[in-house]
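Content type mmCIF, C-alpha atoms, from the file my_file_17.cif:
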```cif
data_my_file
loop_
_atom_site.label_atom_id
_atom_site.label_comp_id
_atom_site.auth_asym_id
_atom_site.auth_seq_id
_atom_site.Cartn_x
_atom_site.Cartn_y
_atom_site.Cartn_z
CA LYS A 22 63.76 91.60 -24.60
CA LYS A 23 62.51 92.46 -28.11
CA ILE A 24 64.53 92.40 -31.32
CA GLU A 25 63.20 94.94 -33.82
CA ALA A 26 62.46 93.45 -37.22
CA THR A 27 63.41 96.65 -39.03
CA ASP A 28 66.96 97.19 -37.84
CA GLY A 29 67.75 94.28 -35.48
CA SER A 30 68.06 96.52 -32.46
CA VAL A 31 67.40 94.96 -29.04
CA ILE A 32 64.94 96.61 -26.64
CA THR A 33 64.41 95.62 -23.00
CA LEU A 34 60.68 95.47 -22.37
CA ALA A 35 60.90 94.94 -18.58
CA ASP A 36 63.79 94.44 -16.16
CA SER A 37 62.76 95.69 -12.74
CA HIS A 38 59.61 93.79 -11.97
CA GLY A 39 60.97 90.80 -9.99
CA PHE A 40 61.05 88.26 -12.80
CA ASN A 41 62.54 84.91 -11.66
CA ARG A 42 63.52 82.68 -14.56
CA PRO A 43 60.99 83.92 -17.13
CA TYR A 44 60.40 81.09 -19.57
CA GLY A 45 57.48 81.02 -22.00
CA VAL A 46 56.52 84.17 -23.96
CA ALA A 47 53.50 84.93 -26.17
CA VAL A 48 52.24 88.10 -27.93
CA ASP A 49 48.61 88.98 -28.68
CA ALA A 50 47.24 90.85 -31.67
CA SER A 51 47.58 94.20 -29.86
CA GLY A 52 51.25 93.69 -29.06
CA ASN A 53 50.82 92.85 -25.36
CA VAL A 54 53.41 90.35 -24.15
CA TYR A 55 52.54 87.48 -21.80
CA VAL A 56 55.34 85.89 -19.74
CA ALA A 57 55.51 82.69 -17.66
CA ASP A 58 57.37 83.94 -14.59
CA THR A 59 58.34 80.33 -13.80
CA GLU A 60 59.88 80.41 -10.36
CA ASN A 61 57.60 83.16 -9.08
CA PHE A 62 54.65 80.89 -10.03
CA LYS A 63 52.94 83.74 -11.92
CA ILE A 64 51.75 84.77 -15.36
CA LYS A 65 52.62 88.41 -16.10
CA LYS A 66 51.53 90.80 -18.82
CA ILE A 67 53.71 93.52 -20.33
CA ALA A 68 51.43 96.07 -21.97
CA THR A 69 52.42 98.03 -25.06
CA ASP A 70 53.19 101.04 -22.84
CA GLY A 71 55.64 98.96 -20.80
CA ILE A 72 53.44 98.57 -17.74
CA VAL A 73 53.89 95.16 -16.13
CA THR A 74 50.96 93.55 -14.32
CA THR A 75 50.34 90.13 -12.83
CA LEU A 76 47.68 88.43 -14.87
CA ALA A 77 47.31 85.40 -12.55
CA SER A 78 49.16 84.27 -9.43
CA SER A 79 46.71 82.71 -6.99
CA HIS A 80 45.47 79.71 -8.92
CA GLY A 81 47.93 77.02 -7.84
CA PHE A 82 50.50 77.54 -10.56
CA ASN A 83 53.52 75.26 -10.07
CA ILE A 84 56.45 76.16 -12.31
CA PRO A 85 54.39 77.44 -15.29
CA THR A 86 56.46 77.23 -18.48
CA GLY A 87 54.55 77.52 -21.74
CA VAL A 88 52.26 80.44 -22.72
CA ALA A 89 50.07 81.00 -25.77
CA VAL A 90 47.38 83.59 -26.56
CA ASP A 91 44.57 83.45 -29.09
CA ALA A 92 43.02 86.21 -31.16
CA SER A 93 40.34 86.77 -28.51
CA GLY A 94 42.91 87.41 -25.81
CA ASN A 95 42.48 84.10 -23.99
CA VAL A 96 45.78 82.97 -22.49
CA TYR A 97 46.79 79.29 -22.26
CA VAL A 98 49.37 78.08 -19.73
CA ALA A 99 51.25 74.74 -19.53
CA GLU A 100 51.93 73.49 -16.00
CA PRO A 101 54.19 70.39 -16.26
CA LEU A 102 54.43 69.69 -12.52
CA ASN A 103 50.66 69.89 -12.04
CA HIS A 104 50.18 67.98 -15.30
CA LYS A 105 47.65 70.56 -16.53
CA ILE A 106 46.93 73.02 -19.32
CA LYS A 107 45.11 76.05 -17.89
CA LYS A 108 43.16 78.80 -19.63
CA ILE A 109 42.96 82.40 -18.49
CA SER A 110 39.90 83.80 -20.21
CA ALA A 111 40.20 87.27 -21.67
CA GLY A 112 39.31 89.90 -19.10
CA THR A 113 39.07 87.38 -16.27
CA THR A 114 41.26 85.11 -14.17
CA VAL A 115 39.09 82.00 -14.59
CA LEU A 116 41.39 79.04 -15.30
CA SER A 117 40.52 75.80 -17.05
CA GLY A 118 42.48 72.93 -18.56
CA THR A 119 42.91 69.16 -18.96
CA ALA A 120 45.71 67.17 -17.29
CA PRO A 121 47.92 65.01 -19.51
CA PRO A 122 48.72 61.43 -18.36
CA PRO A 123 50.80 61.90 -15.17
CA THR A 124 52.28 58.42 -14.85
CA ASP A 125 55.08 58.43 -17.43
CA ASN A 126 58.25 60.17 -16.32
CA ASN A 127 59.82 61.56 -19.43
CA GLU A 128 60.51 64.64 -21.54
CA TYR A 129 57.64 65.72 -23.78
CA SER A 130 57.26 68.18 -26.64
CA VAL A 131 53.97 70.10 -26.32
CA THR A 132 52.36 72.43 -28.84
CA LEU A 133 49.62 74.89 -27.76
CA THR A 134 47.23 76.16 -30.43
CA ALA A 135 44.63 78.88 -29.85
CA ASP A 136 41.89 79.39 -32.47
CA ASP A 137 39.12 82.03 -32.19
CA ASP A 138 37.08 80.51 -35.02
CA ASN A 139 37.45 83.80 -36.95
CA GLY A 140 40.73 82.96 -38.65
CA GLY A 141 42.88 84.00 -35.74
CA VAL A 142 45.27 81.18 -34.83
CA THR A 143 48.43 81.23 -32.71
CA THR A 144 50.66 78.36 -31.65
CA GLN A 145 53.58 77.79 -29.30
CA THR A 146 55.74 74.66 -28.95
CA PHE A 147 57.81 73.93 -25.86
CA THR A 148 59.24 71.00 -23.90
CA ILE A 149 58.11 69.82 -20.49
CA ASP A 150 59.96 67.33 -18.30
CA VAL A 151 57.74 65.14 -16.11
CA LEU A 152 59.88 64.21 -13.10
CA PRO A 153 59.36 61.10 -10.95
CA LYS A 154 58.29 61.37 -7.35
CA PRO A 155 61.39 60.90 -5.20
CA VAL A 156 61.96 57.34 -3.96
CA ILE A 157 64.53 56.73 -1.21
CA THR A 158 66.74 53.64 -1.00
CA PHE A 159 68.94 52.79 2.01
CA THR A 160 71.82 50.36 1.48
CA PRO A 161 73.56 49.15 4.66
CA VAL A 162 77.09 47.78 4.60
CA ALA A 163 76.00 44.98 6.95
CA ASN A 164 72.63 44.07 8.44
CA PRO A 165 72.46 42.84 11.19
CA PHE A 166 75.28 44.84 12.80
CA ASN A 167 77.12 44.58 16.13
CA SER A 168 78.35 48.11 16.83
CA TYR A 169 77.74 50.68 14.09
CA LEU A 170 75.38 50.58 11.12
CA TYR A 171 77.05 52.05 8.05
CA GLY A 172 74.75 52.86 5.13
CA THR A 173 74.09 55.15 2.18
CA PHE A 174 70.87 56.82 1.01
CA THR A 175 70.28 56.99 -2.74
CA PHE A 176 67.45 58.49 -4.80
CA ASN A 177 65.81 57.78 -8.14
CA THR A 178 66.01 61.44 -9.20
CA PRO A 179 68.08 64.53 -8.29
CA ILE A 180 66.77 65.98 -5.02
CA THR A 181 67.12 68.99 -2.76
CA GLY A 182 66.68 69.56 0.94
CA PHE A 183 67.95 66.33 2.54
CA ASP A 184 70.18 66.37 5.62
CA SER A 185 70.62 64.58 8.96
CA SER A 186 67.70 66.44 10.55
CA ASP A 187 65.39 64.57 8.16
CA ILE A 188 66.53 61.17 9.49
CA VAL A 189 64.70 59.97 12.61
CA VAL A 190 66.26 56.92 14.33
CA SER A 191 64.51 54.80 16.96
CA ASN A 192 66.59 52.54 19.25
CA GLY A 193 69.78 54.18 18.07
CA LYS A 194 71.36 57.49 17.19
CA ILE A 195 73.16 59.12 14.29
CA GLU A 196 76.89 59.33 14.94
CA THR A 197 77.92 60.99 11.66
CA PHE A 198 76.29 62.05 8.40
CA ASN A 199 78.22 62.89 5.23
CA LYS A 200 75.87 65.07 3.21
CA SER A 201 78.07 65.06 0.10
CA ILE A 202 77.50 61.31 -0.39
CA ASN A 203 74.45 60.86 1.91
CA GLU A 204 76.33 58.33 4.04
CA VAL A 205 75.24 57.78 7.65
CA VAL A 206 76.74 55.99 10.65
CA ILE A 207 74.22 54.88 13.30
CA SER A 208 74.91 53.28 16.68
CA GLY A 209 72.46 50.90 18.33
CA THR A 210 71.03 51.44 21.82
CA ILE A 211 69.74 48.04 22.89
CA GLU A 212 69.77 44.79 20.99
CA GLY A 213 66.85 44.46 18.62
CA THR A 214 65.30 46.37 15.72
CA VAL A 215 66.62 49.83 14.82
CA THR A 216 64.11 51.90 12.84
CA ILE A 217 65.06 54.67 10.39
CA ASP A 218 62.25 57.01 9.30
CA ILE A 219 62.20 59.71 6.61
CA ALA A 220 59.09 61.90 6.87
CA ALA A 221 56.94 62.75 3.87
CA ASP A 222 58.23 65.76 1.88
CA ALA A 223 61.54 65.73 3.73
CA LEU A 224 63.17 66.08 0.32
CA LYS A 225 61.93 67.20 -3.07
CA ASN A 226 62.79 66.56 -6.68
CA MET A 227 63.92 69.45 -8.87
CA GLY A 228 60.29 70.24 -9.64
CA GLY A 229 59.38 70.62 -5.98
CA VAL A 230 57.54 67.30 -5.56
CA GLY A 231 58.23 65.63 -2.20
CA ASN A 232 58.84 62.02 -1.19
CA ALA A 233 56.41 59.68 0.50
CA ALA A 234 57.05 58.73 4.14
CA THR A 235 59.68 55.96 4.11
CA GLN A 236 60.93 53.55 6.77
CA PHE A 237 63.93 51.22 6.94
CA THR A 238 64.90 48.72 9.63
CA ALA A 239 68.10 47.02 10.75
CA VAL A 240 68.94 44.57 13.53
CA TYR A 241 71.40 45.45 16.31
CA ASP A 242 73.01 42.25 17.64
CA LYS A 243 76.11 42.26 19.83
CA THR A 244 75.75 38.80 21.41
CA PRO A 245 78.42 36.31 20.25
CA PRO A 246 77.33 32.85 19.14
CA ILE A 247 77.65 29.97 21.59
CA LYS A 248 81.04 28.34 21.31
CA PRO A 249 81.11 25.37 18.93
CA VAL A 250 81.67 21.77 20.02
CA ILE A 251 83.91 19.35 18.12
CA THR A 252 82.16 15.99 18.51
CA GLU A 253 84.08 13.45 16.45
CA ILE A 254 86.24 12.58 13.48
CA SER A 255 85.22 10.29 10.67
CA ASP A 256 87.21 7.15 11.51
CA TYR A 257 88.67 6.02 14.82
CA THR A 258 90.12 2.82 13.28
CA CYS A 259 89.77 0.80 16.49
CA VAL A 260 86.43 0.18 18.16
CA GLY A 261 86.34 1.81 21.58
CA ASN A 262 89.51 3.86 21.02
CA LYS A 263 88.70 7.54 20.45
CA GLU A 264 92.16 8.90 21.24
CA ILE A 265 94.10 7.41 18.33
CA THR A 266 93.31 6.85 14.66
CA GLY A 267 95.10 5.29 11.75
CA ASP A 268 93.15 7.59 9.40
CA ASN A 269 95.33 10.51 8.30
CA THR A 270 92.68 12.18 6.10
CA LEU A 271 90.10 13.50 8.54
CA THR A 272 86.48 14.57 8.37
CA ILE A 273 85.69 16.70 11.43
CA SER A 274 82.16 16.95 12.85
CA GLY A 275 80.65 19.27 15.43
CA LYS A 276 77.80 21.50 16.56
CA ALA A 277 77.42 25.28 16.33
CA GLU A 278 74.81 28.02 16.10
CA LYS A 279 72.76 27.68 12.92
CA GLY A 280 73.56 30.21 10.24
CA SER A 281 76.94 31.00 11.73
CA THR A 282 80.24 30.62 9.89
CA VAL A 283 82.54 28.15 11.62
CA GLU A 284 86.31 28.35 11.24
CA VAL A 285 88.18 25.14 12.03
CA PHE A 286 91.73 25.10 13.41
CA ILE A 287 94.30 22.34 13.77
CA ASN A 288 97.11 23.13 16.20
CA SER A 289 96.02 26.81 16.15
CA SER A 290 96.28 27.11 12.34
CA SER A 291 93.09 27.72 10.35
CA ILE A 292 92.21 25.00 7.87
CA GLY A 293 89.03 26.58 6.50
CA THR A 294 85.44 27.70 7.11
CA LEU A 295 81.90 26.52 6.44
CA VAL A 296 78.35 27.78 7.06
CA VAL A 297 76.24 25.87 9.58
CA GLY A 298 72.80 24.77 8.40
CA ASP A 299 69.48 24.80 10.24
CA THR A 300 70.27 21.56 12.10
CA GLY A 301 73.22 23.17 13.91
CA ILE A 302 75.48 20.28 12.87
CA PHE A 303 78.55 20.83 10.71
CA ILE A 304 80.92 18.43 8.96
CA TYR A 305 84.24 19.78 7.72
CA ASP A 306 85.94 17.73 5.01
CA HIS A 307 89.71 17.81 5.46
CA THR A 308 90.38 14.67 3.46
CA ASN A 309 92.37 16.51 0.79
CA THR A 310 95.16 16.95 3.34
CA VAL A 311 97.26 13.94 4.40
CA LEU A 312 98.38 14.35 8.01
CA ALA A 313 101.70 13.08 9.28
CA ASP A 314 101.70 10.84 12.35
CA GLY A 315 101.46 12.97 15.45
CA ILE A 316 99.20 14.73 17.94
CA TYR A 317 96.55 17.10 16.59
CA ASN A 318 94.55 19.60 18.64
CA ILE A 319 91.34 20.60 16.84
CA THR A 320 89.31 23.69 17.78
CA ALA A 321 86.65 25.85 16.14
CA LYS A 322 85.17 29.35 16.40
CA ALA A 323 81.80 30.61 15.13
CA ARG A 324 81.03 34.03 13.63
CA ASP A 325 77.41 35.17 13.21
CA ALA A 326 75.82 37.42 10.57
CA ALA A 327 76.47 40.51 12.73
CA ASP A 328 80.21 39.65 12.80
CA ASN A 329 80.17 38.60 16.47
CA LEU A 330 82.87 36.00 17.21
CA SER A 331 82.40 33.15 19.67
CA GLU A 332 84.88 31.73 22.14
CA ALA A 333 87.02 28.88 20.86
CA SER A 334 85.60 25.42 21.33
CA ASP A 335 87.11 23.04 23.84
CA THR A 336 90.13 21.30 22.34
CA PHE A 337 89.50 17.97 20.65
CA THR A 338 92.76 16.01 20.61
CA ILE A 339 93.36 13.12 18.25
CA ILE A 340 96.55 11.16 17.65
CA VAL A 341 97.27 9.96 14.13
CA SER A 342 99.37 6.82 14.03
CA THR A 343 99.62 4.95 10.75
CA THR A 344 102.62 2.74 11.66
CA ASP A 345 102.06 -0.85 10.53
CA GLY A 346 105.26 -2.65 11.41
CA ASP A 347 103.97 -6.12 10.68
CA ASN A 348 102.33 -5.06 7.39
CA ASP A 349 99.08 -6.72 8.28
CA GLY A 350 96.99 -3.79 7.05
CA THR A 351 96.08 -2.66 10.57
CA ALA A 352 97.88 0.16 12.37
CA ASP A 353 100.11 -1.23 15.10
CA PHE A 354 98.34 0.63 17.88
CA CYS A 355 95.15 -1.15 16.90
CA GLN A 356 96.38 -4.68 17.59
CA THR A 357 94.18 -6.49 20.06
CA THR A 358 96.90 -6.49 22.75
CA THR A 359 97.56 -2.76 22.63
CA VAL A 360 97.04 -1.03 25.98
CA VAL A 361 96.34 2.68 26.27
CA ALA A 362 98.04 3.68 29.51
CA LYS A 363 97.44 6.58 31.86
CA PRO A 364 99.68 9.62 31.32
CA SER A 365 103.18 9.48 32.73
CA GLY A 366 105.85 12.11 32.97
CA VAL A 367 109.50 13.12 33.01
CA SER A 368 111.13 16.25 34.46
CA PRO A 369 114.64 16.53 32.95
CA ASN A 370 115.99 19.36 35.11
CA GLY A 371 119.24 17.70 36.22
CA ASP A 372 118.27 17.20 39.84
CA GLY A 373 118.64 13.43 39.55
CA ILE A 374 114.95 12.88 40.19
CA ASN A 375 112.83 11.65 37.25
CA ASP A 376 115.34 13.07 34.76
CA THR A 377 114.74 10.17 32.38
CA TRP A 378 111.65 8.21 31.54
CA VAL A 379 111.52 4.87 33.33
CA ILE A 380 109.15 2.34 31.80
CA ASP A 381 108.06 -1.17 32.65
CA LEU A 382 110.30 -3.42 30.55
CA ASN A 383 108.31 -6.55 31.39
CA GLY A 384 111.57 -8.53 31.17
CA VAL A 385 111.74 -7.93 27.44
CA THR A 386 114.84 -6.81 25.53
CA ASN A 387 114.90 -4.90 22.25
CA ILE A 388 111.91 -2.80 23.21
CA LYS A 389 111.07 -0.11 20.65
CA VAL A 390 109.88 3.28 21.98
CA SER A 391 108.43 5.96 19.70
CA ILE A 392 107.46 9.42 20.96
CA TYR A 393 105.41 11.92 18.92
CA GLY A 394 105.00 15.66 19.33
CA SER A 395 104.25 18.70 17.15
CA ASN A 396 102.71 16.38 14.55
CA LYS A 397 105.86 14.35 13.98
CA LEU A 398 108.10 11.62 15.43
CA VAL A 399 110.55 13.35 17.76
CA TYR A 400 112.20 10.36 19.45
CA SER A 401 112.71 6.70 18.55
CA ASN A 402 114.81 3.99 20.19
CA SER A 403 114.69 0.36 19.02
CA ASN A 404 116.61 -0.94 22.06
CA TYR A 405 115.21 1.12 24.89
CA GLN A 406 116.86 0.70 28.29
CA ASN A 407 115.94 2.60 31.44
CA THR A 408 119.64 3.25 32.04
CA ASN A 409 119.86 5.32 28.87
CA GLY A 410 116.20 6.30 28.62
CA PHE A 411 114.46 9.31 27.17
CA GLY A 412 115.47 12.53 28.91
CA GLY A 413 113.49 15.17 27.06
CA THR A 414 115.84 15.37 24.07
CA SER A 415 114.95 14.53 20.47
CA ASN A 416 116.96 12.16 18.28
CA GLN A 417 118.47 15.30 16.73
CA GLY A 418 119.79 16.40 20.12
CA GLU A 419 117.28 19.22 20.58
CA LYS A 420 115.76 19.85 24.00
CA LEU A 421 112.02 19.40 23.61
CA PRO A 422 109.67 22.04 25.03
CA ASN A 423 107.38 21.29 27.96
CA GLY A 424 104.08 19.78 26.87
CA VAL A 425 102.10 16.63 26.19
CA TYR A 426 103.52 13.96 23.89
CA PHE A 427 102.22 10.65 22.64
CA TYR A 428 104.19 7.44 22.93
CA ILE A 429 104.02 3.86 21.66
CA ILE A 430 105.99 1.08 23.39
CA ASP A 431 106.40 -2.01 21.19
CA TYR A 432 107.29 -5.11 23.25
CA GLY A 433 107.17 -7.38 20.20
CA ASN A 434 104.87 -10.37 19.78
CA ASN A 435 102.05 -7.94 18.84
CA THR A 436 102.10 -6.41 22.29
CA LYS A 437 102.10 -2.61 22.46
CA LYS A 438 101.33 0.07 24.97
CA SER A 439 100.49 3.67 24.11
CA GLY A 440 99.60 6.79 26.02
CA PHE A 441 100.59 10.35 26.84
CA LEU A 442 103.93 11.52 28.21
CA ILE A 443 104.20 14.87 29.94
CA ILE A 444 107.50 16.80 29.87
CA ASN A 445 107.66 19.35 32.65
#
```
For the file at hand, write its structure as structure tokens.
Amino acid sequence: KKIEATDGSVITLADSHGFNRPYGVAVDASGNVYVADTENFKIKKIATDGIVTTLASSHGFNIPTGVAVDASGNVYVAEPLNHKIKKISAGTTVLSGTAPPPTDNNEYSVTLTADDDNGGVTTQTFTIDVLPKPVITFTPVANPFNSYLYGTFTFNTPITGFDSSDIVVSNGKIETFNKSINEVVISGTIEGTVTIDIAADALKNMGGVGNAATQFTAVYDKTPPIKPVITEISDYTCVGNKEITGDNTLTISGKAEKGSTVEVFINSSSIGTLVVGDTGIFIYDHTNTVLADGIYNITAKARDAADNLSEASDTFTIIVSTTDGDNDGTADFCQTTTVVAKPSGVSPNGDGINDTWVIDLNGVTNIKVSIYGSNKLVYSNSNYQNTNGFGGTSNQGEKLPNGVYFYIIDYGNNTKKSGFLIIN
């Protein structure tokens, strides 16, 4: 449109010639108007009689924006996406120009000046925005993964033209794709490397420049780690006795798959986790917790980087007994005359057979019997007699559940016997 200088009236010079986002405008000495028809990739001329012609369209224009014309009729065109200034010589369509530095992505102010060396000078100032070439980043939620790979594509510049058809997956398949946030869910086919490829020019920045071919990889792993092994505790107190300890602040050692996270349990309750180093040996420090005398069942599970969980380790059972009746600084069970006996049992069902626990009194009176279960002393009798022996009931009168218990029989004179008692 033209605004008349005389009266301010507005005149439409051209409106039916397929302009698509006309941008730069210049006028020559004769009144001809030159227009950068930006998104048609053309330079058009509007003659003084209103006739619109295409001055140049087949010379690789890419979003032309700025236009200037000198007194000789030569037309100058700024092409920001091609990083060039082109010249359309008067009466011809021969183009020439020099590219500005293409490496800096930024917004630039450019002034075009045309001088015919006869006093005719015209200038035009405009802004060009040099956009970066699109770079794709893929951020997975977890890698490796054991079932589905969740991830999001992001870009260093606004882009157009990206959808699931542009994502090529090898050794897996796309389950879902959320275009609004470019989030993808991929399932693995067989264990190993899953490859994600984005072809060159699959997407473009707002100036129409495409991306370079890009590849991402992830690891599909659904195999659980081998189950850990609990090997020992820090202190067994008595040489040769690995069933009982007088140490109630434990350090627990074992073996597990390197790099896995081991969770340690005592009597089915988690006490903490640690990461296994390259040696495959772990040591869990539980010394900040003081354990009561009783039976403790220690297990562990391992979880790998893909979130696969192992089976529980075999149970490692240790009995903590800190009783030191003679105050000699050594736990009673660790006296030299202590005997660890084979398991015995009692079946208190009222049938008159093995309803109470019959022990070998060895002709001794005032025998003390202590029975431990569920990490605490559940039964104690300082004058144990087989006629009124243990019948599966605690000192509080509660019927004890079936299971394995630990006992200590103190005959006096530093003679003790310990072992396991089964209630069934």
* To do: For range 167-175 of chain A, please output as a list in words all residues within 8 Å (counting only C-alpha atoms; exclusion window: fewer than 3 positions along the same chain).
  =>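 Once the adjacent positions are removed, what remains is Ile157, Thr158, Phe159, Thr160, Pro161, Val162, Ala163, Asn164, Ile202, Asn203, Glu204, Val205, Val206, Ile207, Ser208, Gly209, Tyr241, Asp242, Lys243, Thr244, Ala327, Asp328 and Asn329 of chain A.
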* Asked: Counting all atoms listed in the file, what is within 9 Å of range 323-325 of chain A, bar same-chain residues fewer than 6 positions away, as a ChimeraX atom specification?
  -> /A:245-249,277-285,331-334
* Which of these, A:Thr338, A:Asn409, A:Gln417, A:Thr300, has the shortest distance to Thr377 in chain A once you count only C-alpha atoms? -> A:Asn409
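Taking all atoms listed in the file into account, Phe176 in chain A lies nearest to A:Lys225 out of the set A:Val56, A:Lys225, A:Ile287, A:Asp150.
With only C-alpha atoms as the atoms that count, the residue of A:Leu152, A:Ile273, A:Ile392, A:Val54 with the shortest distance to Ile292 in chain A is A:Ile273.
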Just need the box for range 376-393 of chain A, edges along x, y and z, holding every atom the file lists for it with 4 Å tacked onto each side, so centre and edge lengths in Å to one decimal, as AutoDock Vina command-line options.
```
--center_x 110.4 --center_y 2.3 --center_z 26.8 --size_x 17.9 --size_y 29.6 --size_z 23.8
```
* Could you work out how far CA of Asn226 in chain A lies from CA of Lys194 in chain A, giving the answer in Å with one decimal? -> 26.9 Å
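Taking CA of Ile339 in chain A and CA of Gly418 in chain A as the two end points, the separation is 26.7 Å.
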* Asked: In Å to one decimal, how far is CA of Ala321 in chain A from CA of Val250 in chain A?
  ->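 Spanning CA of Val250 in chain A to CA of Ala321 in chain A is a straight-line distance of 7.5 Å.
Using only C-alpha atoms, the residues found no farther than 10 Å from His307 in chain A, other than those of its own chain fewer than 2 positions away, are Asn269, Thr270, Leu271, Thr272, Ile273, Val285, Ile292, Gly293, Ile304, Tyr305, Asn309, Thr310, Val311 and Leu312 of chain A.
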* To do: Write out as a PyMOL selection string each polymer residue whose atoms come within 9 Å of Thr33 in chain A, counting all atoms listed in the file; drop sequence neighbours fewer than 4 positions from it.
  => chain A and resi 22-24
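Residue nearest Ala99 in chain A, chosen from A:Ile444, A:Val230, A:Ala57, A:Ala68 and counting only C-alpha atoms: A:Ala57.
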* To do: Take the PyMOL selection byres ((chain A and resi 263) around 10), apply it to the structure above, and return the hits as a list in words.
  =>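 With the shown file as input, the PyMOL selection byres ((chain A and resi 263) around 10) matches Glu253, Ile254, Asp256, Tyr257, Thr258, Cys259, Val260, Gly261, Asn262, Glu264, Ile265, Thr266, Thr338, Ile339 and Ile340 of chain A.
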* To do: Using all atoms listed in the file, pick whichever of A:Lys397, A:Val46, A:Ser186, A:Pro153 has the shortest atom-to-atom distance to Phe198 in chain A.
  =>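 Checking each of A:Lys397, A:Val46, A:Ser186, A:Pro153 against Phe198 in chain A, counting all atoms listed in the file, the winner is A:Ser186.
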* Excluding Asn387 in chain A and any residue of its chain fewer than 2 positions from it, enumerate the residues within 10 Å of it, using only C-alpha atoms, and give them as a PyMOL selection string. => chain A and resi 382+385+389-390+402-406+431-433
* For the file shown, what are the residues hit by the PyMOL selection byres ((chain A and resi 427-429) around 8), laid out as a ChimeraX atom specification? -> /A:315-316,340,354,390-394,425-426,430-431,437-442
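Taking all atoms listed in the file into account, Asn288 in chain A lies nearest to A:Ile319 out of the set A:Phe166, A:Phe303, A:Asn177, A:Ile319.
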